[in-house]
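Shown next: structure14.txt, containing compact mmCIF, C-alpha atoms.
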```
# COMPACT_ATOMS: atom_id res chain seq x y z
CA MET A 26 56.53 112.27 137.66
CA MET A 27 55.47 108.65 138.19
CA ALA A 28 54.08 108.56 134.65
CA SER A 29 57.33 109.83 133.25
CA ASN A 30 59.29 107.30 135.34
CA LYS A 31 57.24 104.52 133.78
CA GLN A 32 57.76 106.08 130.37
CA ARG A 33 61.44 106.82 130.66
CA PRO A 34 62.59 103.23 130.08
CA ALA A 35 60.11 103.03 127.17
CA LYS A 36 61.45 106.24 125.60
CA LEU A 37 65.01 104.97 125.83
CA SER A 38 64.04 101.67 124.29
CA VAL A 39 62.64 103.43 121.23
CA TYR A 40 65.86 105.39 120.88
CA LEU A 41 67.76 102.10 121.05
CA TYR A 42 65.74 100.30 118.38
CA ILE A 43 68.43 98.81 116.19
CA PRO A 44 68.54 99.95 113.49
CA ASN A 45 65.04 101.30 113.87
CA ILE A 46 63.74 98.43 111.77
CA VAL A 47 60.61 98.51 113.88
CA VAL A 48 58.63 101.34 112.37
CA SER A 49 58.72 104.35 114.65
CA THR A 50 57.97 108.00 114.11
CA PHE A 51 61.32 108.99 115.54
CA GLY A 52 63.07 106.60 113.17
CA ALA A 53 61.28 108.04 110.17
CA VAL A 54 62.15 111.60 111.18
CA LEU A 55 65.77 110.68 111.91
CA ASP A 56 65.90 109.15 108.44
CA MET A 57 64.47 112.25 106.77
CA VAL A 58 66.70 114.65 108.64
CA THR A 59 69.82 112.60 107.91
CA ASP A 60 68.96 112.56 104.19
CA ARG A 61 68.38 116.31 104.06
CA VAL A 62 71.47 117.24 106.06
CA SER A 63 73.85 114.87 104.25
CA THR A 64 72.65 116.02 100.82
CA ALA A 65 72.91 119.65 101.96
CA CYS A 66 76.48 119.19 103.19
CA LEU A 67 77.54 117.48 99.96
CA LEU A 68 76.00 120.31 97.93
CA VAL A 69 77.92 122.81 100.08
CA ILE A 70 81.19 120.99 99.35
CA LEU A 71 80.38 120.93 95.64
CA SER A 72 79.53 124.65 95.69
CA GLN A 73 83.01 125.28 97.04
CA ILE A 74 84.65 123.31 94.23
CA TYR A 75 82.57 124.10 91.18
CA ARG A 76 82.03 127.48 89.55
CA PRO A 77 79.53 129.03 89.22
CA SER A 78 78.66 128.24 92.84
CA LEU A 79 75.16 129.59 92.22
CA VAL A 80 74.33 126.23 90.57
CA PHE A 81 74.77 124.18 93.73
CA LEU A 82 73.37 126.95 95.88
CA SER A 83 70.18 126.77 93.81
CA LEU A 84 70.06 122.98 94.02
CA LEU A 85 70.37 123.26 97.81
CA ALA A 86 67.56 125.83 97.88
CA LEU A 87 65.36 123.60 95.71
CA ASP A 88 66.08 120.52 97.82
CA ILE A 89 65.24 122.24 101.13
CA ALA A 90 62.20 124.12 99.81
CA SER A 91 60.60 121.19 97.99
CA HIS A 92 61.08 118.69 100.82
CA TRP A 93 59.92 121.18 103.44
CA LEU A 94 56.74 121.94 101.49
CA GLN A 95 56.19 118.23 100.81
CA MET A 96 56.47 117.39 104.50
CA TYR A 97 54.07 120.16 105.45
CA SER A 98 51.50 119.18 102.86
CA THR A 99 51.78 115.51 103.84
CA PHE A 100 50.88 116.45 107.40
CA LEU A 101 48.04 118.74 106.36
CA SER A 102 46.44 116.12 104.15
CA GLY A 103 46.89 113.48 106.82
CA LYS A 104 48.87 111.07 104.67
CA THR A 105 51.43 108.85 106.31
CA SER A 106 54.11 109.38 103.70
CA HIS A 107 54.71 111.91 100.98
CA LYS A 108 55.48 108.96 98.75
CA ASP A 109 51.80 107.97 98.73
CA VAL A 110 50.44 110.32 96.12
CA LYS A 111 47.12 109.18 94.75
CA ASP A 112 46.10 111.72 92.19
CA SER A 113 47.88 114.21 90.07
CA THR A 114 47.37 115.75 86.68
CA SER A 115 51.02 115.39 85.73
CA TRP A 116 52.01 112.24 83.82
CA LEU A 117 55.58 112.59 85.04
CA PHE A 118 54.31 112.77 88.61
CA ARG A 119 52.26 109.63 88.16
CA LEU A 120 55.18 107.84 86.49
CA TYR A 121 57.55 108.86 89.26
CA TYR A 122 55.35 107.96 92.21
CA GLY A 123 53.64 105.02 90.52
CA ASN A 124 56.86 103.16 89.94
CA ARG A 125 59.03 102.61 93.01
CA MET A 126 61.98 101.42 90.93
CA PHE A 127 61.93 104.51 88.76
CA MET A 128 61.67 106.69 91.86
CA GLY A 129 64.59 104.83 93.40
CA TYR A 130 66.65 105.24 90.23
CA CYS A 131 66.06 109.02 90.21
CA CYS A 132 66.89 109.46 93.89
CA VAL A 133 70.02 107.32 93.69
CA SER A 134 71.07 109.16 90.51
CA CYS A 135 71.26 112.43 92.41
CA GLU A 136 73.56 111.01 95.06
CA ILE A 137 75.68 109.19 92.45
CA LEU A 138 75.99 112.33 90.35
CA TYR A 139 77.08 114.46 93.31
CA ILE A 140 79.62 111.88 94.44
CA ILE A 141 81.01 111.49 90.91
CA LEU A 142 81.35 115.26 90.54
CA PHE A 143 83.17 115.35 93.86
CA LEU A 144 85.51 112.51 92.94
CA ILE A 145 86.47 113.72 89.45
CA SER A 146 87.40 117.21 90.62
CA LYS A 147 91.18 117.65 90.63
CA ASN A 148 91.60 121.27 91.63
CA HIS A 149 90.14 123.45 94.34
CA THR A 150 88.21 125.39 91.74
CA GLU A 151 86.68 123.79 88.69
CA ASN A 152 84.42 125.01 85.93
CA LEU A 153 81.35 122.81 86.12
CA MET A 154 80.44 122.79 82.42
CA SER A 155 83.96 121.97 81.22
CA VAL A 156 84.39 119.13 83.71
CA VAL A 157 81.02 117.59 82.82
CA VAL A 158 81.48 117.96 79.05
CA GLU A 159 85.02 116.57 79.25
CA SER A 160 83.92 113.54 81.23
CA LEU A 161 80.97 112.85 78.93
CA THR A 162 83.01 113.08 75.73
CA GLN A 163 85.61 110.60 76.97
CA PHE A 164 83.15 107.79 76.13
CA SER A 165 84.36 105.71 79.05
CA PRO A 166 82.29 103.64 81.52
CA LEU A 167 82.39 106.75 83.71
CA SER A 168 80.78 108.76 80.90
CA LEU A 169 77.93 106.27 80.74
CA LEU A 170 77.42 106.34 84.52
CA LEU A 171 77.56 110.13 84.46
CA ALA A 172 75.03 110.36 81.62
CA LEU A 173 72.62 107.95 83.31
CA SER A 174 72.83 109.78 86.62
CA ILE A 175 72.38 113.20 84.98
CA PHE A 176 69.18 111.91 83.37
CA GLY A 177 67.79 110.55 86.67
CA TRP A 178 68.91 113.67 88.52
CA SER A 179 67.11 115.98 86.09
CA ILE A 180 63.87 114.02 86.47
CA LYS A 181 64.19 114.32 90.26
CA GLN A 182 64.72 118.08 90.08
CA ILE A 183 61.70 118.53 87.80
CA ILE A 184 59.67 116.45 90.26
CA ASN A 185 60.92 118.67 93.09
CA VAL A 186 59.61 121.76 91.29
CA ILE A 187 56.22 120.18 90.51
CA GLN A 188 56.04 118.93 94.10
CA MET A 189 56.45 122.46 95.43
CA LYS A 190 53.45 123.64 93.42
CA THR A 191 51.35 120.62 94.43
CA ALA A 192 52.28 121.04 98.09
CA ALA A 193 51.52 124.76 97.99
CA ASP A 194 48.09 123.91 96.57
CA VAL A 195 47.49 121.52 99.46
CA CYS A 196 48.28 124.32 101.94
CA VAL A 197 45.87 126.67 100.20
CA LEU A 198 43.08 124.09 99.89
CA TYR A 199 43.53 123.21 103.58
CA ASP A 200 42.57 126.76 104.55
CA ILE A 201 39.69 126.86 102.04
CA ASP A 202 38.31 123.56 103.34
CA LYS A 203 38.62 124.78 106.90
CA GLN A 204 36.58 127.87 106.05
CA HIS A 205 33.83 125.91 104.36
CA LYS A 206 33.44 123.27 107.05
CA PRO A 207 33.48 125.05 110.41
CA MET B 12 35.30 119.30 88.35
CA MET B 13 32.56 121.73 89.36
CA ALA B 14 33.88 121.76 92.89
CA SER B 15 37.38 122.55 91.70
CA ASN B 16 36.07 125.25 89.37
CA LYS B 17 34.39 126.86 92.36
CA GLN B 18 37.63 126.45 94.30
CA ARG B 19 40.02 127.59 91.64
CA PRO B 20 39.23 131.33 91.89
CA ALA B 21 39.46 130.95 95.68
CA LYS B 22 42.82 129.18 95.39
CA LEU B 23 44.26 131.95 93.25
CA SER B 24 42.96 134.56 95.66
CA VAL B 25 44.94 133.00 98.52
CA TYR B 26 48.06 133.06 96.36
CA LEU B 27 47.40 136.76 95.80
CA TYR B 28 46.95 137.65 99.47
CA ILE B 29 48.94 140.77 100.28
CA PRO B 30 51.19 139.06 102.85
CA ASN B 31 51.90 136.29 100.33
CA ILE B 32 52.88 138.88 97.74
CA VAL B 33 55.27 140.27 100.33
CA GLY B 34 56.52 136.69 100.67
CA TYR B 35 57.17 136.42 96.94
CA MET B 36 59.01 139.73 97.10
CA ARG B 37 61.23 138.28 99.83
CA VAL B 38 62.05 135.33 97.58
CA VAL B 39 62.92 137.61 94.65
CA LEU B 40 65.02 139.84 96.90
CA ASN B 41 66.94 136.82 98.15
CA CYS B 42 67.50 135.44 94.63
CA PHE B 43 68.81 138.80 93.48
CA ALA B 44 70.92 139.19 96.62
CA PHE B 45 72.69 135.87 96.19
CA ALA B 46 73.18 136.48 92.50
CA VAL B 47 75.25 139.61 93.32
CA CYS B 48 76.77 138.50 96.62
CA PHE B 49 80.30 138.09 95.31
CA SER B 50 80.33 141.11 93.04
CA ASN B 51 78.63 143.59 95.38
CA LYS B 52 78.84 142.71 99.06
CA THR B 53 77.16 145.86 100.29
CA LEU B 54 74.18 145.45 97.97
CA PHE B 55 73.86 141.82 99.00
CA SER B 56 73.85 142.75 102.70
CA LEU B 57 71.22 145.45 102.18
CA LEU B 58 68.95 143.18 100.13
CA TYR B 59 69.35 140.28 102.54
CA PHE B 60 68.69 142.42 105.58
CA PHE B 61 65.73 144.11 103.92
CA SER B 62 64.26 140.72 103.07
CA PHE B 63 64.79 139.69 106.69
CA CYS B 64 62.89 142.78 107.85
CA CYS B 65 60.05 141.97 105.46
CA ASP B 66 59.66 138.77 107.45
CA SER B 67 57.87 140.72 110.15
CA VAL B 68 56.03 142.87 107.59
CA ASP B 69 54.18 139.94 106.01
CA GLY B 70 53.06 138.69 109.42
CA TRP B 71 51.80 142.16 110.27
CA CYS B 72 50.01 142.41 106.91
CA ALA B 73 48.39 139.03 107.42
CA ARG B 74 46.89 140.08 110.73
CA LYS B 75 45.98 143.59 109.61
CA PHE B 76 44.21 142.51 106.42
CA ASN B 77 42.84 139.30 107.94
CA GLN B 78 44.73 137.29 105.34
CA VAL B 79 46.44 134.73 107.54
CA SER B 80 47.05 131.60 105.49
CA THR B 81 48.79 128.27 105.99
CA PHE B 82 50.52 128.75 102.66
CA GLY B 83 51.82 132.12 103.85
CA ALA B 84 53.21 130.59 107.03
CA VAL B 85 54.94 127.83 105.08
CA LEU B 86 56.31 130.28 102.50
CA ASP B 87 57.71 132.32 105.39
CA MET B 88 59.36 129.33 107.03
CA VAL B 89 60.83 127.99 103.81
CA THR B 90 62.21 131.42 102.83
CA ASP B 91 63.84 131.74 106.26
CA ARG B 92 65.45 128.32 106.09
CA VAL B 93 66.67 128.66 102.51
CA SER B 94 68.07 132.18 102.89
CA THR B 95 69.93 131.28 106.10
CA ALA B 96 71.22 128.10 104.43
CA CYS B 97 72.52 130.02 101.40
CA LEU B 98 74.25 132.59 103.59
CA LEU B 99 75.90 129.80 105.60
CA VAL B 100 77.07 128.23 102.32
CA ILE B 101 78.65 131.53 101.25
CA LEU B 102 80.33 131.87 104.65
CA SER B 103 81.64 128.29 104.45
CA GLN B 104 83.33 129.23 101.18
CA ILE B 105 85.05 132.23 102.74
CA TYR B 106 85.95 131.09 106.25
CA ARG B 107 88.24 128.25 107.23
CA PRO B 108 87.65 125.78 108.72
CA SER B 109 84.55 125.38 106.53
CA LEU B 110 83.37 122.61 108.86
CA VAL B 111 82.18 125.34 111.24
CA PHE B 112 79.54 126.72 108.88
CA LEU B 113 78.77 123.27 107.52
CA SER B 114 77.91 122.22 111.09
CA LEU B 115 75.81 125.33 111.66
CA LEU B 116 73.90 124.56 108.48
CA ALA B 117 73.35 120.97 109.61
CA LEU B 118 72.17 122.15 113.04
CA ASP B 119 69.81 124.73 111.52
CA ILE B 120 68.18 122.25 109.14
CA ALA B 121 67.99 119.39 111.64
CA SER B 122 66.64 121.41 114.57
CA HIS B 123 63.99 123.24 112.54
CA TRP B 124 62.93 120.07 110.74
CA LEU B 125 62.50 118.18 114.03
CA GLN B 126 60.72 121.18 115.58
CA MET B 127 58.30 121.32 112.66
CA TYR B 128 57.57 117.61 112.87
CA SER B 129 57.02 117.62 116.60
CA THR B 130 54.79 120.70 116.36
CA PHE B 131 52.53 118.79 113.98
CA LEU B 132 52.54 115.66 116.10
CA SER B 133 51.58 117.49 119.26
CA GLY B 134 48.92 119.46 117.42
CA LYS B 135 50.25 122.88 118.37
CA THR B 136 49.74 125.72 115.97
CA SER B 137 53.24 127.13 116.23
CA HIS B 138 56.52 125.78 117.49
CA LYS B 139 56.86 129.10 119.27
CA ASP B 140 54.08 128.11 121.71
CA VAL B 141 55.97 125.93 124.13
CA LYS B 142 54.14 125.54 127.41
CA ASP B 143 56.26 123.30 129.56
CA SER B 144 59.90 122.50 129.68
CA THR B 145 62.41 121.54 132.26
CA SER B 146 65.06 123.86 130.91
CA TRP B 147 65.23 127.36 132.39
CA LEU B 148 66.92 128.63 129.24
CA PHE B 149 64.09 127.18 127.18
CA ARG B 150 61.50 128.93 129.31
CA LEU B 151 63.43 132.19 129.19
CA TYR B 152 63.78 132.00 125.41
CA TYR B 153 60.19 131.13 124.61
CA GLY B 154 58.65 133.09 127.44
CA ASN B 155 60.09 136.39 126.32
CA ARG B 156 59.35 137.35 122.72
CA MET B 157 61.86 140.21 122.77
CA PHE B 158 64.66 137.96 123.96
CA MET B 159 63.72 135.41 121.29
CA GLY B 160 63.72 138.16 118.69
CA TYR B 161 67.12 139.41 119.88
CA CYS B 162 68.62 135.90 119.54
CA CYS B 163 67.16 135.30 116.08
CA VAL B 164 68.20 138.71 114.77
CA SER B 165 71.68 138.22 116.30
CA CYS B 166 72.28 135.19 114.08
CA GLU B 167 71.46 137.11 110.90
CA ILE B 168 73.45 140.17 112.01
CA LEU B 169 76.46 138.01 112.91
CA TYR B 170 76.44 136.21 109.57
CA ILE B 171 76.08 139.47 107.62
CA ILE B 172 78.89 141.11 109.63
CA LEU B 173 81.19 138.12 109.03
CA PHE B 174 80.41 138.35 105.33
CA LEU B 175 81.05 142.09 105.17
CA ILE B 176 84.32 142.15 107.11
CA SER B 177 85.92 139.42 105.02
CA LYS B 178 88.52 140.89 102.68
CA ASN B 179 89.95 137.85 100.96
CA HIS B 180 88.47 134.77 99.36
CA THR B 181 89.78 132.65 102.19
CA GLU B 182 89.86 133.82 105.78
CA ASN B 183 90.69 132.19 109.07
CA LEU B 184 87.54 132.52 111.16
CA MET B 185 89.15 132.77 114.60
CA SER B 186 91.69 135.42 113.59
CA VAL B 187 89.07 137.59 111.89
CA VAL B 188 86.71 137.39 114.87
CA VAL B 189 89.43 138.01 117.48
CA GLU B 190 90.88 140.88 115.46
CA SER B 191 87.48 142.56 115.12
CA LEU B 192 86.64 142.10 118.80
CA THR B 193 89.96 143.50 120.04
CA GLN B 194 89.62 146.66 117.96
CA PHE B 195 87.19 147.99 120.60
CA SER B 196 85.19 149.83 117.97
CA PRO B 197 81.38 150.10 117.64
CA LEU B 198 81.69 147.11 115.30
CA SER B 199 83.34 145.13 118.10
CA LEU B 200 80.38 145.86 120.37
CA LEU B 201 77.87 144.87 117.70
CA LEU B 202 79.86 141.72 116.98
CA ALA B 203 80.06 140.79 120.68
CA LEU B 204 76.34 141.35 121.21
CA SER B 205 75.41 139.29 118.18
CA ILE B 206 77.81 136.47 119.11
CA PHE B 207 76.09 136.28 122.51
CA GLY B 208 72.58 136.13 121.02
CA TRP B 209 73.74 133.70 118.33
CA SER B 210 75.20 131.29 120.88
CA ILE B 211 71.96 131.28 122.89
CA LYS B 212 70.05 130.46 119.70
CA GLN B 213 72.37 127.58 118.82
CA ILE B 214 72.07 126.12 122.34
CA ILE B 215 68.28 126.42 122.04
CA ASN B 216 68.48 124.63 118.67
CA VAL B 217 70.29 121.70 120.28
CA ILE B 218 67.84 121.51 123.21
CA GLN B 219 64.96 121.80 120.74
CA MET B 220 66.21 118.78 118.81
CA LYS B 221 66.15 116.64 121.94
CA THR B 222 62.71 117.94 122.97
CA ALA B 223 61.30 117.38 119.49
CA ALA B 224 62.76 113.87 119.30
CA ASP B 225 61.10 113.12 122.65
CA VAL B 226 57.77 114.29 121.22
CA CYS B 227 58.16 111.88 118.30
CA VAL B 228 58.91 108.99 120.63
CA LEU B 229 56.11 109.83 123.05
CA TYR B 230 53.72 110.10 120.11
CA ASP B 231 54.32 106.45 119.26
CA ILE B 232 54.12 105.38 122.90
CA ASP B 233 50.82 107.20 123.35
CA LYS B 234 49.47 105.68 120.14
CA GLN B 235 50.27 102.19 121.44
CA HIS B 236 48.57 102.76 124.77
CA LYS B 237 45.41 104.34 123.36
CA PRO B 238 44.34 102.32 120.31
```
Output the file's structure as structure tokens, nothing else.
Amino acid sequence: MMASNKQRPAKLSVYLYIPNIVVSTFGAVLDMVTDRVSTACLLVILSQIYRPSLVFLSLLALDIASHWLQMYSTFLSGKTSHKDVKDSTSWLFRLYYGNRMFMGYCCVSCEILYIILFLISKNHTENLMSVVVESLTQFSPLSLLLALSIFGWSIKQIINVIQMKTAADVCVLYDIDKQHKP
Amino acid sequence: MMASNKQRPAKLSVYLYIPNIVGYMRVVLNCFAFAVCFSNKTLFSLLYFFSFCCDSVDGWCARKFNQVSTFGAVLDMVTDRVSTACLLVILSQIYRPSLVFLSLLALDIASHWLQMYSTFLSGKTSHKDVKDSTSWLFRLYYGNRMFMGYCCVSCEILYIILFLISKNHTENLMSVVVESLTQFSPLSLLLALSIFGWSIKQIINVIQMKTAADVCVLYDIDKQHKP
């Protein structure tokens, strides 16, 4: 009880780090969770507007699954961040993780794309393909932004898929290593 | 290279563990279920529920065939999270206000994510092994596997029921629930029981978030004091 009394002010002070600039585990987790939940909610909204809703349902599934597996494999391999990936056989993987600006572009593209799709929808129910094709063929500044974000978004989704396989491998190798070094 | 050649057959063999094959089946069942959810509600409910039942089958297989694997546990967790998320998305399309199911989705993702993180940080093997807590509800929930099972199953049953009883594309959640409860039919009883278990689970989720956040904070504090 005395230990927790001494700690309680300290615990509160970590919660009140503003804005968690000082690196803390709680801050990193809060960050991750906020990202996942906000992207999930936006995808839910988009799945309500755009048909077929299976598209955004699948994107939500891919987002949750890939990030969950990534987090797990990061823990198992003892890395501090899933963004520190040292070796991989995939050139795309190396390009993505080797270049922070490219990674940033891909991640931001996803959010930009989803926001654009949300903003350009006029009705409660839209056909995704027609809206996208129509916006692209207008050849306006919006078309350019849309095209750029679609490109970055597609890279990110491919990375998500590769990441799931890589992370699954880490889980499997973790067990194998544990067996061989008792 | 030689090491990975020796490992590669072993890696594939883990992927082909019987419980993991059951896991893949669950994924396929869920994909198929959500593909038909709007055209065939009954089929969707059966597939979804069957996949949910397989959740306990793969655990049983793992122990029976001595094929427990980390990958299997993760596959299990991810399938649970994604299938619940997709069902909540479907429900948010049907029931107004959609903010209700949006919030439930947010709570589900956030609480399980934090739980997972804190489980790793405190070195426990499963977030279901919680030894000490100040909350009596917490102790009741985690101390009694049957009660925990009842609460978890209640959530899935409630969501499936809400999906099945919806007739139109847009329904008012409160009116549908009140109408079904006041019918005093067997469905009303099932609905009431599942609402009770579901609410316990959601309260536990909220408490769990706070507990898990505390673990994250204490982890840093401990690290500072023991360098």
Problem set entry | Pick from A:Ser98, A:Leu68, A:Ala53, A:Leu117 nearest to A:Phe81, counting all atoms listed in the file |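 Distance minimum relative to A:Phe81 lands on A:Leu68.
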Give me, as a Markdown table, the closest atom pair and its distance (Å, one decimal) for every residue of chain B within a cut-off of 6 Å of chain A, counting all atoms listed in the file, rows sorted by chain and rising number.
```
| residue | atom | partner | partner_atom | distance |
| --- | --- | --- | --- | --- |
| B:Thr81 | CA | A:Cys196 | CA | 5.7 |
| B:Phe82 | CA | A:Cys196 | CA | 5.0 |
| B:Val89 | CA | A:Ala90 | CA | 5.7 |
| B:Val93 | CA | A:Ala86 | CA | 5.5 |
| B:Val100 | CA | A:Val69 | CA | 5.9 |
| B:Gln104 | CA | A:Gln73 | CA | 5.7 |
| B:Ala117 | CA | A:Val62 | CA | 5.5 |
| B:Ala121 | CA | A:Val58 | CA | 5.8 |
| B:Cys227 | CA | A:Phe51 | CA | 5.1 |
| B:Val228 | CA | A:Phe51 | CA | 5.6 |
```
Can you tell me, as a compact mmCIF listing (two decimals) with C-alpha atoms, in the coordinates of the input, what residues are no more than 9 Å from B:Gln219 when counting only C-alpha atoms, ignoring any on the same chain fewer than 5 positions away?
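Listing of around-v9.txt after writing:
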```
# COMPACT_ATOMS: atom_id res chain seq x y z
CA SER B 122 66.64 121.41 114.57
CA HIS B 123 63.99 123.24 112.54
CA LEU B 125 62.50 118.18 114.03
CA GLN B 126 60.72 121.18 115.58
CA PHE B 149 64.09 127.18 127.18
CA ILE B 214 72.07 126.12 122.34
CA ALA B 224 62.76 113.87 119.30
```
Problem set entry | Proximity to B:Lys221 - best of B:Ser129, B:Asn77, B:Ser114, B:Thr53, only C-alpha atoms |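 For B:Lys221, the nearest of the candidates is B:Ser129.
Atom pair atom CA of A:Met154 / atom CA of B:Leu98: separated by 24.1 Å.
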Exercise. Pick the closest to A:Glu151 from A:Pro77, A:Gln188, A:Leu120, A:Asp60: which is it, counting only C-alpha atoms?
Worked result: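 Using only C-alpha atoms, A:Glu151 sits closest to A:Pro77.
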Seminar exercise, completed: Computed gap from atom CA of B:Gly34 to atom CA of A:Asn185 is 20.0 Å
For this session: Compile the contact shell of stretch 171-180 of chain A as a ChimeraX atom specification: residues with an atom at most 6 Å away, counting all atoms listed in the file, same-chain residues fewer than 5 positions apart removed.
Result: /A:131,134-135,138
For this session: Find the distance between atom CA of A:Leu41 and atom CA of B:Leu132 and write it in Å to one decimal.
Result: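 Calculated distance between atom CA of A:Leu41 and atom CA of B:Leu132 is 21.0 Å.
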Can you pull out every residue within 10 Å of B:Cys72, counting only C-alpha atoms, but drop anything in the same chain fewer than 6 positions away, and send it as an mmCIF file with C-alpha atoms, keeping the file's coordinate frame?
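Final file, part-v7.cif:
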```cif
data_model
loop_
_atom_site.group_PDB
_atom_site.id
_atom_site.type_symbol
_atom_site.label_atom_id
_atom_site.label_comp_id
_atom_site.auth_asym_id
_atom_site.auth_seq_id
_atom_site.Cartn_x
_atom_site.Cartn_y
_atom_site.Cartn_z
ATOM 1 C CA TYR B 28 46.950 137.650 99.470
ATOM 2 C CA ILE B 29 48.940 140.770 100.280
ATOM 3 C CA PRO B 30 51.190 139.060 102.850
ATOM 4 C CA ASN B 31 51.900 136.290 100.330
ATOM 5 C CA VAL B 33 55.270 140.270 100.330
ATOM 6 C CA GLN B 78 44.730 137.290 105.340
ATOM 7 C CA VAL B 79 46.440 134.730 107.540
#
```
For this session: Rank B:Ala44, B:Met88, B:Leu115, B:Val217 by their smallest atom-to-atom distance to B:Gly70, using all atoms listed in the file, and report the top residue only.
Result: B:Met88
